[in-house]
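Trainee: Next comes the structure file my_file-v2.pdb, holding PDB, C-alpha atoms.
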ATOM      1  CA  MET N   1     112.323-101.689 -63.178
ATOM      2  CA  SER N   2     115.098-101.961 -65.762
ATOM      3  CA  ARG N   3     118.732-102.360 -64.817
ATOM      4  CA  ASP N   4     119.454 -98.749 -65.878
ATOM      5  CA  ALA N   5     116.541 -97.438 -63.808
ATOM      6  CA  GLY N   6     117.755 -99.495 -60.854
ATOM      7  CA  ALA N   7     121.254 -98.044 -61.176
ATOM      8  CA  VAL N   8     119.885 -94.509 -61.311
ATOM      9  CA  SER N   9     117.688 -95.229 -58.297
ATOM     10  CA  GLY N  10     120.767 -96.585 -56.499
ATOM     11  CA  ILE N  11     122.684 -93.387 -57.183
ATOM     12  CA  TRP N  12     119.804 -91.317 -55.805
ATOM     13  CA  SER N  13     119.684 -93.639 -52.773
ATOM     14  CA  ALA N  14     123.355 -92.896 -52.100
ATOM     15  CA  VAL N  15     122.686 -89.154 -52.414
ATOM     16  CA  LEU N  16     119.739 -89.566 -50.022
ATOM     17  CA  ALA N  17     121.999 -91.318 -47.505
ATOM     18  CA  GLY N  18     124.389 -88.365 -47.679
ATOM     19  CA  LEU N  19     121.520 -85.956 -47.135
ATOM     20  CA  LEU N  20     120.411 -87.946 -44.093
ATOM     21  CA  VAL N  21     123.909 -87.608 -42.626
ATOM     22  CA  PHE N  22     123.818 -83.860 -43.288
ATOM     23  CA  LEU N  23     120.357 -83.540 -41.699
ATOM     24  CA  GLY N  24     121.572 -85.551 -38.711
ATOM     25  CA  VAL N  25     124.487 -83.168 -38.200
ATOM     26  CA  VAL N  26     122.184 -80.147 -38.436
ATOM     27  CA  ALA N  27     119.573 -81.685 -36.134
ATOM     28  CA  PHE N  28     121.946 -82.933 -33.475
ATOM     29  CA  TRP N  29     124.460 -80.086 -33.422
ATOM     30  CA  PRO N  30     124.742 -79.217 -29.724
ATOM     31  CA  THR N  31     123.572 -75.624 -30.224
ATOM     32  CA  PRO N  32     121.166 -74.143 -32.781
ATOM     33  CA  VAL N  33     123.029 -73.974 -36.089
ATOM     34  CA  ASP N  34     121.794 -70.429 -36.710
ATOM     35  CA  GLN N  35     123.060 -69.154 -33.352
ATOM     36  CA  PRO N  36     126.262 -67.565 -34.748
ATOM     37  CA  LEU N  37     124.178 -65.677 -37.327
ATOM     38  CA  GLN N  38     121.341 -64.429 -35.127
ATOM     39  CA  GLY N  39     122.834 -60.964 -34.601
ATOM     40  CA  VAL N  40     123.717 -60.558 -38.277
ATOM     41  CA  LEU N  41     120.259 -61.746 -39.312
ATOM     42  CA  ALA N  42     118.555 -59.381 -36.858
ATOM     43  CA  GLU N  43     120.569 -56.472 -38.232
ATOM     44  CA  PHE N  44     119.806 -57.492 -41.819
ATOM     45  CA  LEU N  45     116.091 -57.688 -41.041
ATOM     46  CA  ARG N  46     116.173 -54.208 -39.453
ATOM     47  CA  LEU N  47     117.863 -52.888 -42.594
ATOM     48  CA  VAL N  48     115.394 -54.435 -45.036
ATOM     49  CA  HIS N  49     112.418 -53.397 -42.883
ATOM     50  CA  ALA N  50     113.710 -49.810 -43.051
ATOM     51  CA  HIS N  51     113.621 -50.147 -46.844
ATOM     52  CA  GLY N  52     110.028 -51.304 -47.086
ATOM     53  CA  VAL N  53     110.121 -55.071 -46.536
ATOM     54  CA  PRO N  54     107.008 -55.990 -44.523
ATOM     55  CA  ALA N  55     107.467 -56.507 -40.774
ATOM     56  CA  TRP N  56     105.921 -59.999 -40.939
ATOM     57  CA  ILE N  57     109.150 -61.134 -42.588
ATOM     58  CA  ASP N  58     110.850 -61.545 -39.243
ATOM     59  CA  TYR N  59     113.210 -64.005 -37.593
ATOM     60  CA  ARG N  60     110.461 -66.610 -37.117
ATOM     61  CA  PHE N  61     109.506 -66.354 -40.796
ATOM     62  CA  VAL N  62     113.128 -66.757 -41.906
ATOM     63  CA  GLU N  63     113.594 -69.718 -39.562
ATOM     64  CA  ALA N  64     110.434 -71.420 -40.868
ATOM     65  CA  ALA N  65     111.464 -70.764 -44.484
ATOM     66  CA  ALA N  66     114.896 -72.228 -43.750
ATOM     67  CA  ASN N  67     113.248 -75.365 -42.344
ATOM     68  CA  VAL N  68     111.182 -75.718 -45.516
ATOM     69  CA  ALA N  69     114.268 -75.166 -47.706
ATOM     70  CA  LEU N  70     116.277 -77.685 -45.673
ATOM     71  CA  PHE N  71     113.923 -80.514 -46.639
ATOM     72  CA  VAL N  72     113.286 -79.669 -50.314
ATOM     73  CA  PRO N  73     116.429 -81.571 -51.440
ATOM     74  CA  PHE N  74     115.421 -84.473 -49.180
ATOM     75  CA  GLY N  75     111.973 -84.772 -50.809
ATOM     76  CA  PHE N  76     113.413 -84.374 -54.306
ATOM     77  CA  THR N  77     116.069 -87.016 -53.745
ATOM     78  CA  ALA N  78     113.759 -89.435 -51.923
ATOM     79  CA  ALA N  79     111.254 -89.281 -54.775
ATOM     80  CA  LEU N  80     113.990 -90.151 -57.274
ATOM     81  CA  ALA N  81     115.514 -92.825 -55.016
ATOM     82  CA  PHE N  82     112.122 -94.523 -54.588
ATOM     83  CA  PRO N  83     110.392 -93.988 -57.948
ATOM     84  CA  GLY N  84     107.609 -96.470 -57.187
ATOM     85  CA  LYS N  85     106.405 -94.606 -54.118
ATOM     86  CA  ARG N  86     103.499 -92.186 -54.127
ATOM     87  CA  TRP N  87     103.849 -88.522 -53.117
ATOM     88  CA  TRP N  88     102.178 -89.104 -49.743
ATOM     89  CA  GLN N  89     104.623 -91.914 -48.945
ATOM     90  CA  ILE N  90     107.583 -89.619 -49.615
ATOM     91  CA  ALA N  91     105.931 -86.888 -47.520
ATOM     92  CA  GLY N  92     105.428 -89.492 -44.780
ATOM     93  CA  LEU N  93     109.135 -90.314 -44.927
ATOM     94  CA  GLY N  94     109.868 -86.602 -44.492
ATOM     95  CA  LEU N  95     107.464 -86.425 -41.559
ATOM     96  CA  LEU N  96     109.086 -89.453 -39.890
ATOM     97  CA  THR N  97     112.596 -88.132 -40.492
ATOM     98  CA  SER N  98     111.707 -84.737 -39.077
ATOM     99  CA  GLY N  99     109.852 -86.363 -36.186
ATOM    100  CA  PHE N 100     112.905 -88.394 -35.226
ATOM    101  CA  MET N 101     115.030 -85.246 -35.396
ATOM    102  CA  GLU N 102     112.645 -83.295 -33.161
ATOM    103  CA  LEU N 103     112.285 -86.214 -30.723
ATOM    104  CA  GLY N 104     116.057 -86.559 -30.529
ATOM    105  CA  GLN N 105     116.391 -82.874 -29.736
ATOM    106  CA  LEU N 106     113.735 -83.185 -27.023
ATOM    107  CA  LEU N 107     115.361 -86.205 -25.397
ATOM    108  CA  PHE N 108     119.064 -85.478 -25.787
ATOM    109  CA  LEU N 109     119.784 -81.811 -26.486
ATOM    110  CA  HIS N 110     118.816 -79.395 -23.730
ATOM    111  CA  SER N 111     119.988 -76.339 -25.689
ATOM    112  CA  ARG N 112     117.775 -77.217 -28.690
ATOM    113  CA  PHE N 113     114.049 -76.636 -28.874
ATOM    114  CA  PRO N 114     111.877 -79.170 -30.703
ATOM    115  CA  SER N 115     108.898 -77.623 -32.401
ATOM    116  CA  ALA N 116     105.702 -78.720 -34.120
ATOM    117  CA  LEU N 117     106.236 -75.781 -36.499
ATOM    118  CA  ASP N 118     109.603 -77.269 -37.510
ATOM    119  CA  LEU N 119     107.906 -80.609 -38.101
ATOM    120  CA  ALA N 120     105.294 -78.984 -40.358
ATOM    121  CA  ALA N 121     107.864 -76.844 -42.188
ATOM    122  CA  ASN N 122     110.203 -79.791 -42.787
ATOM    123  CA  THR N 123     107.358 -81.966 -44.057
ATOM    124  CA  SER N 124     106.181 -79.149 -46.342
ATOM    125  CA  GLY N 125     109.690 -78.840 -47.744
ATOM    126  CA  CYS N 126     109.826 -82.577 -48.363
ATOM    127  CA  LEU N 127     106.500 -82.426 -50.177
ATOM    128  CA  ALA N 128     107.702 -79.482 -52.291
ATOM    129  CA  GLY N 129     110.821 -81.458 -53.208
ATOM    130  CA  CYS N 130     108.663 -84.420 -54.170
ATOM    131  CA  VAL N 131     106.579 -82.208 -56.461
ATOM    132  CA  LEU N 132     109.743 -80.777 -58.031
ATOM    133  CA  ALA N 133     111.010 -84.315 -58.648
ATOM    134  CA  ALA N 134     107.731 -85.207 -60.385
ATOM    135  CA  VAL N 135     108.042 -82.136 -62.628
ATOM    136  CA  PHE N 136     111.711 -82.946 -63.304
ATOM    137  CA  THR N 137     110.840 -86.543 -64.206
ATOM    138  CA  ARG N 138     108.016 -85.512 -66.548
ATOM    139  CA  LEU N 139     110.165 -82.927 -68.300
ATOM    140  CA  ARG N 140     112.992 -85.441 -68.681
ATOM    141  CA  HIS N 141     110.670 -88.057 -70.185
ATOM    142  CA  ALA N 142     108.991 -85.487 -72.454
ATOM    143  CA  SER N 143     112.255 -84.618 -74.162
TER     144      SER N 143
END
Please express what this file holds, its structure, as structure tokens.
Mentor:
Amino acid sequence: MSRDAGAVSGIWSAVLAGLLVFLGVVAFWPTPVDQPLQGVLAEFLRLVHAHGVPAWIDYRFVEAAANVALFVPFGFTAALAFPGKRWWQIAGLGLLTSGFMELGQLLFLHSRFPSALDLAANTSGCLAGCVLAAVFTRLRHAS
């Protein structure tokens, strides 16, 4: 790896460290971070359902989608921070990170509910971010 590539990787590593702090705050907040919005979200979903949005787009769907979206930047940044790693290694890092978050909630936070669905959604988001990073890298090198 060239010195320039190493510097860029170092910058992405610093961004990744910041994302890990953010994810830690979200994961270990004493109460679910969406709790203040649950009533507003329920009302919004009732409104959009009345206007034709399918009923399967419910609170559980929104929560799962949010868990995917939460880890897309993590996968993107991890792939750029560790350019020599394969996609499955980055996805494994996402799985481990999410697993530690869920285990921490199980062991230390009685008002939080660890979930295998969260683990799968977070890992999927990480993988999606990794794919986006690969596309970004190819487009950058093509130009």
Trainee: Enclose range 96-112 of chain N, meaning all of its atoms listed in the file, in a box aligned along x, y and z, pad it by 6 Å on each side, and list the centre and edge lengths in Å to one decimal, as lines of an AutoDock Vina configuration file.
Mentor:
center_x = 114.5
center_y = -82.9
center_z = -32.1
size_x = 22.9
size_y = 25.1
size_z = 28.8
Trainee: Could you please give me, as a PyMOL selection string, the residues of protein, DNA or RNA lying at most 7 Å from (121.5, -74.0, -30.4) in the coordinate frame of the file, considering only C-alpha atoms?
Mentor: chain N and resi 30-33+35+111-112
Trainee: Once the PyMOL selection byres ((chain N and resi 97-99) around 10) has been evaluated on this model, what residues remain selected, and can you format them as a list of chain:residue names?
Mentor: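 Taken on the displayed file, the PyMOL selection byres ((chain N and resi 97-99) around 10) yields the residues N:Leu20, N:Leu23, N:Gly24, N:Ala27, N:Phe71, N:Phe74, N:Ala91, N:Gly92, N:Leu93, N:Gly94, N:Leu95, N:Leu96, N:Phe100, N:Met101, N:Glu102, N:Leu103, N:Gly104, N:Gln105, N:Pro114, N:Ser115, N:Ala116, N:Asp118, N:Leu119, N:Ala120, N:Ala121, N:Asn122, N:Thr123, N:Cys126.
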Trainee: Applying the PyMOL selection byres ((chain N and resi 63) around 12) to the file I just gave you, which residues come out? Please list them as a list in words.
Mentor: Pro32, Val33, Asp34, Gln35, Leu37, Gln38, Leu41, Ala42, Ile57, Asp58, Tyr59, Arg60, Phe61, Val62, Ala64, Ala65, Ala66, Asn67, Val68, Ala69, Leu70, Ser115, Leu117, Asp118, Ala121 and Asn122 of chain N
Trainee: With C-alpha atoms retained, export the selected residues as a compact mmCIF listing (two decimals), keeping the file's coordinate frame.
Mentor:
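Result file is result33.txt:
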# COMPACT_ATOMS: atom_id res chain seq x y z
CA PRO N 32 121.17 -74.14 -32.78
CA VAL N 33 123.03 -73.97 -36.09
CA ASP N 34 121.79 -70.43 -36.71
CA GLN N 35 123.06 -69.15 -33.35
CA LEU N 37 124.18 -65.68 -37.33
CA GLN N 38 121.34 -64.43 -35.13
CA LEU N 41 120.26 -61.75 -39.31
CA ALA N 42 118.56 -59.38 -36.86
CA ILE N 57 109.15 -61.13 -42.59
CA ASP N 58 110.85 -61.54 -39.24
CA TYR N 59 113.21 -64.00 -37.59
CA ARG N 60 110.46 -66.61 -37.12
CA PHE N 61 109.51 -66.35 -40.80
CA VAL N 62 113.13 -66.76 -41.91
CA ALA N 64 110.43 -71.42 -40.87
CA ALA N 65 111.46 -70.76 -44.48
CA ALA N 66 114.90 -72.23 -43.75
CA ASN N 67 113.25 -75.36 -42.34
CA VAL N 68 111.18 -75.72 -45.52
CA ALA N 69 114.27 -75.17 -47.71
CA LEU N 70 116.28 -77.68 -45.67
CA SER N 115 108.90 -77.62 -32.40
CA LEU N 117 106.24 -75.78 -36.50
CA ASP N 118 109.60 -77.27 -37.51
CA ALA N 121 107.86 -76.84 -42.19
CA ASN N 122 110.20 -79.79 -42.79
Trainee: State, in Å with one decimal place, the distance from CA of Phe82 in chain N to CA of Ser9 in chain N.
Mentor: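 Separation of CA of Phe82 in chain N and CA of Ser9 in chain N: 6.7 Å.
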Trainee: For the atom pair CA of Ser124 in chain N and CA of Ile90 in chain N, what is the interatomic distance in Å to one decimal place?
Mentor: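 It comes out at 11.1 Å.
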Trainee: How many Å lie between CA of Val8 in chain N and CA of Cys130 in chain N, rounded to one decimal?
Mentor: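 Distance between the two atoms: 16.7 Å.
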Trainee: So, counting all atoms listed in the file, which residue among N:Ile11, N:Leu139, N:Leu16, N:Ala133 is closest to Arg86 in chain N?
Mentor: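 When distances to Arg86 in chain N are compared using all atoms listed in the file, the smallest one comes from N:Ala133.
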Trainee: Would you please work out which residue, of N:Phe108, N:Phe76, N:Phe113, N:Trp88, is nearest to Ala128 in chain N when using all atoms listed in the file?
Mentor: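 When distances to Ala128 in chain N are compared using all atoms listed in the file, the smallest one comes from N:Phe76.
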Trainee: Of the residues N:Trp56, N:Trp12, N:Phe44, N:Phe28, which is the one nearest to Gly75 in chain N, using only C-alpha atoms?
Mentor: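 Selected residue with least distance to Gly75 in chain N: N:Trp12.
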Trainee: What's around Thr137 in chain N at 12 Å? Count all atoms listed in the file, leave out sequence neighbours fewer than 3 positions away in its own chain, and write the answer as a list of chain:residue names.
Mentor: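 The neighbour list is N:Phe76, N:Thr77, N:Ala79, N:Leu80, N:Pro83, N:Cys130, N:Val131, N:Leu132, N:Ala133, N:Ala134, N:Arg140, N:His141, N:Ala142, N:Ser143.
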Trainee: Since fewer atoms than expected are present, regenerate N, CA and C atoms for range 102-120 of chain N and write them as a compact mmCIF listing (two decimals), in the coordinates of the input.
Mentor:
# COMPACT_ATOMS: atom_id res chain seq x y z
N GLU N 102 113.24 -84.09 -34.25
CA GLU N 102 112.64 -83.30 -33.16
C GLU N 102 112.61 -84.09 -31.86
N LEU N 103 112.29 -85.37 -31.92
CA LEU N 103 112.28 -86.21 -30.72
C LEU N 103 113.69 -86.33 -30.14
N GLY N 104 114.67 -86.50 -31.00
CA GLY N 104 116.06 -86.56 -30.53
C GLY N 104 116.48 -85.27 -29.84
N GLN N 105 116.06 -84.15 -30.38
CA GLN N 105 116.39 -82.87 -29.74
C GLN N 105 115.71 -82.78 -28.37
N LEU N 106 114.47 -83.21 -28.29
CA LEU N 106 113.74 -83.18 -27.02
C LEU N 106 114.41 -84.05 -25.97
N LEU N 107 114.82 -85.25 -26.37
CA LEU N 107 115.36 -86.20 -25.40
C LEU N 107 116.82 -85.98 -25.04
N PHE N 108 117.62 -85.48 -25.99
CA PHE N 108 119.06 -85.48 -25.79
C PHE N 108 119.75 -84.12 -25.81
N LEU N 109 119.11 -83.10 -26.32
CA LEU N 109 119.78 -81.81 -26.49
C LEU N 109 119.01 -80.73 -25.73
N HIS N 110 119.52 -80.36 -24.58
CA HIS N 110 118.82 -79.40 -23.73
C HIS N 110 118.91 -77.97 -24.25
N SER N 111 119.87 -77.69 -25.14
CA SER N 111 119.99 -76.34 -25.69
C SER N 111 119.23 -76.19 -27.01
N ARG N 112 118.58 -77.26 -27.46
CA ARG N 112 117.78 -77.22 -28.69
C ARG N 112 116.30 -77.29 -28.32
N PHE N 113 115.46 -76.74 -29.18
CA PHE N 113 114.05 -76.64 -28.87
C PHE N 113 113.22 -77.30 -29.96
N PRO N 114 112.73 -78.52 -29.70
CA PRO N 114 111.88 -79.17 -30.70
C PRO N 114 110.59 -78.38 -30.89
N SER N 115 110.05 -78.46 -32.09
CA SER N 115 108.90 -77.62 -32.40
C SER N 115 107.98 -78.31 -33.40
N ALA N 116 106.68 -78.21 -33.16
CA ALA N 116 105.70 -78.72 -34.12
C ALA N 116 105.76 -77.91 -35.41
N LEU N 117 106.09 -76.61 -35.30
CA LEU N 117 106.24 -75.78 -36.50
C LEU N 117 107.38 -76.30 -37.37
N ASP N 118 108.49 -76.70 -36.75
CA ASP N 118 109.60 -77.27 -37.51
C ASP N 118 109.17 -78.54 -38.22
N LEU N 119 108.41 -79.36 -37.53
CA LEU N 119 107.91 -80.61 -38.10
C LEU N 119 107.05 -80.31 -39.34
N ALA N 120 106.16 -79.35 -39.23
CA ALA N 120 105.29 -78.98 -40.36
C ALA N 120 106.10 -78.36 -41.50
